[in-house]
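S.K.: Here it is, the structure in full.
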Amino acid sequence: MAINIQLIKSSGAAVKDLGVPVAAHFYNYMFTHYPEVRKMFPGDMTEQRIRLFNSVILIATNIDTMEVLVPYLKELGIGHIKYDTRPEHYPIVGKSLLNTLKHFLGAAWTQEMAESWIEAYNLAAGVCIEAAYEAMAPSRFIPVNIDDVPAAV
């Protein structure tokens, strides 16, 4: 199925008006259903909730602006290396996001909207994962050699 850009944009706009409580619900859902990922996050989630909320809005707003979206997603994927984020974590985030959107959008959440968000999320996650993989590629390793060691006295 193709992404219905208008549905992504309109649902993003709808949750944007609700603010950071959307992100709070997301994390509550994720930590309740997937407690194993809680250790990857700080104790105080205030800033993290804001970052997540802003990311969701940026992605929904720019779903049709690849020159903005792709570099952002690549940076996001690379930035998550330091948190030990792995490909198997992305479905957890995706399921938590979809359940959060469904919760807040209520009757506006349709099958077509769900399918569009699934497609959009999977594409976004793929860009993040691929960027992280490229950033960690073994081919980037440059072996140490004798010129890297100070001379003996």
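Labels used: A, B, ... for chains in the order of the structure tokens, numbers from 1 for residues in each chain, and numbers from 1 for ligands as shown.
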Fewer than 5 positions away in the same chain doesn't count, so skip those; otherwise give me all residues within 8 Å of Ile129 in chain A, counting only C-alpha atoms, as an MDAnalysis selection string.
M.R.: chainID A and resid 77 86:87
S.K.: Let me see the file: selected residues, N, CA and C atoms, as a short mmCIF file (atom, residue, chain, number, x, y, z; two decimals), in the first residue's frame.
M.R.:
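Output below, filename out.cif:
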data_model
loop_
_atom_site.label_atom_id
_atom_site.label_comp_id
_atom_site.auth_asym_id
_atom_site.auth_seq_id
_atom_site.Cartn_x
_atom_site.Cartn_y
_atom_site.Cartn_z
N GLY A 77 19.06 7.97 13.17
CA GLY A 77 19.57 6.61 13.24
C GLY A 77 21.00 6.54 13.76
N ARG A 86 19.21 -1.13 18.49
CA ARG A 86 19.43 -2.18 17.50
C ARG A 86 18.18 -2.33 16.62
N PRO A 87 18.34 -2.96 15.47
CA PRO A 87 17.18 -3.12 14.58
C PRO A 87 15.96 -3.74 15.27
#
S.K.: With only C-alpha atoms as the counted atoms, please give the residues lying no more than 10 Å from range 31-37 of chain A, apart from itself and same-chain residues fewer than 3 positions off, as a list in words.
M.R.: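 Here the qualifying residues turn out to be His25, Phe26, Tyr27, Asn28, Met40, Phe41, Thr85, His89, Ile92, Val93, Lys95 and Ser96 of chain A.
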S.K.: Would you mind exporting N, CA and C atoms of the selected residues as a PDB file, in the first residue's frame?
M.R.:
ATOM      1  N   HIS A  25       2.186   9.209  26.968  1.00  0.00           N
ATOM      2  CA  HIS A  25       1.401   7.994  26.742  1.00  0.00           C
ATOM      3  C   HIS A  25       2.228   6.959  25.980  1.00  0.00           C
ATOM      4  N   PHE A  26       2.947   7.418  24.964  1.00  0.00           N
ATOM      5  CA  PHE A  26       3.808   6.527  24.174  1.00  0.00           C
ATOM      6  C   PHE A  26       4.771   5.763  25.084  1.00  0.00           C
ATOM      7  N   TYR A  27       5.491   6.490  25.942  1.00  0.00           N
ATOM      8  CA  TYR A  27       6.472   5.837  26.813  1.00  0.00           C
ATOM      9  C   TYR A  27       5.805   4.957  27.858  1.00  0.00           C
ATOM     10  N   ASN A  28       4.674   5.385  28.384  1.00  0.00           N
ATOM     11  CA  ASN A  28       3.951   4.529  29.327  1.00  0.00           C
ATOM     12  C   ASN A  28       3.558   3.214  28.654  1.00  0.00           C
ATOM     13  N   MET A  40      17.211   1.590  28.651  1.00  0.00           N
ATOM     14  CA  MET A  40      17.867   2.364  27.603  1.00  0.00           C
ATOM     15  C   MET A  40      17.578   3.861  27.721  1.00  0.00           C
ATOM     16  N   PHE A  41      16.715   4.232  28.648  1.00  0.00           N
ATOM     17  CA  PHE A  41      16.251   5.613  28.754  1.00  0.00           C
ATOM     18  C   PHE A  41      16.619   6.214  30.097  1.00  0.00           C
ATOM     19  N   THR A  85      20.864   1.245  20.381  1.00  0.00           N
ATOM     20  CA  THR A  85      19.630   0.911  19.677  1.00  0.00           C
ATOM     21  C   THR A  85      19.964  -0.061  18.549  1.00  0.00           C
ATOM     22  N   HIS A  89      14.836  -3.185  18.096  1.00  0.00           N
ATOM     23  CA  HIS A  89      14.129  -2.210  18.930  1.00  0.00           C
ATOM     24  C   HIS A  89      13.111  -1.394  18.122  1.00  0.00           C
ATOM     25  N   ILE A  92       9.407  -2.326  18.341  1.00  0.00           N
ATOM     26  CA  ILE A  92       8.844  -1.959  19.644  1.00  0.00           C
ATOM     27  C   ILE A  92       8.387  -0.505  19.607  1.00  0.00           C
ATOM     28  N   VAL A  93       9.229   0.349  19.074  1.00  0.00           N
ATOM     29  CA  VAL A  93       8.882   1.771  18.956  1.00  0.00           C
ATOM     30  C   VAL A  93       7.700   1.935  18.009  1.00  0.00           C
ATOM     31  N   LYS A  95       5.265  -0.223  17.196  1.00  0.00           N
ATOM     32  CA  LYS A  95       4.017  -0.689  17.801  1.00  0.00           C
ATOM     33  C   LYS A  95       3.530   0.288  18.861  1.00  0.00           C
ATOM     34  N   SER A  96       4.451   0.841  19.634  1.00  0.00           N
ATOM     35  CA  SER A  96       4.080   1.810  20.671  1.00  0.00           C
ATOM     36  C   SER A  96       3.540   3.088  20.048  1.00  0.00           C
TER      37      SER A  96
END
S.K.: Compare A:Val22, A:Ile8, A:Leu58, A:Val70 by their minimum atom-to-atom distance to Ala124 in chain A, counting only C-alpha atoms, and give me the closest one.
M.R.: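 For Ala124 in chain A, the nearest of the candidates is A:Val70.
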S.K.: List as a list in words the protein and nucleic acid residues near range 101-104 of chain A, meaning an atom at most 9 Å away when only C-alpha atoms are counted, but skip any in the same chain fewer than 2 places from it.
M.R.: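 Counting only the stated atoms, we get Ser11, Gly12, Ala14, Val15, Leu18, Val22, His25, Phe26, Ser96, Leu97, Leu98, Asn99, Gly106, Ala107, Ala108, Trp109, Thr110 and Ala114 of chain A.
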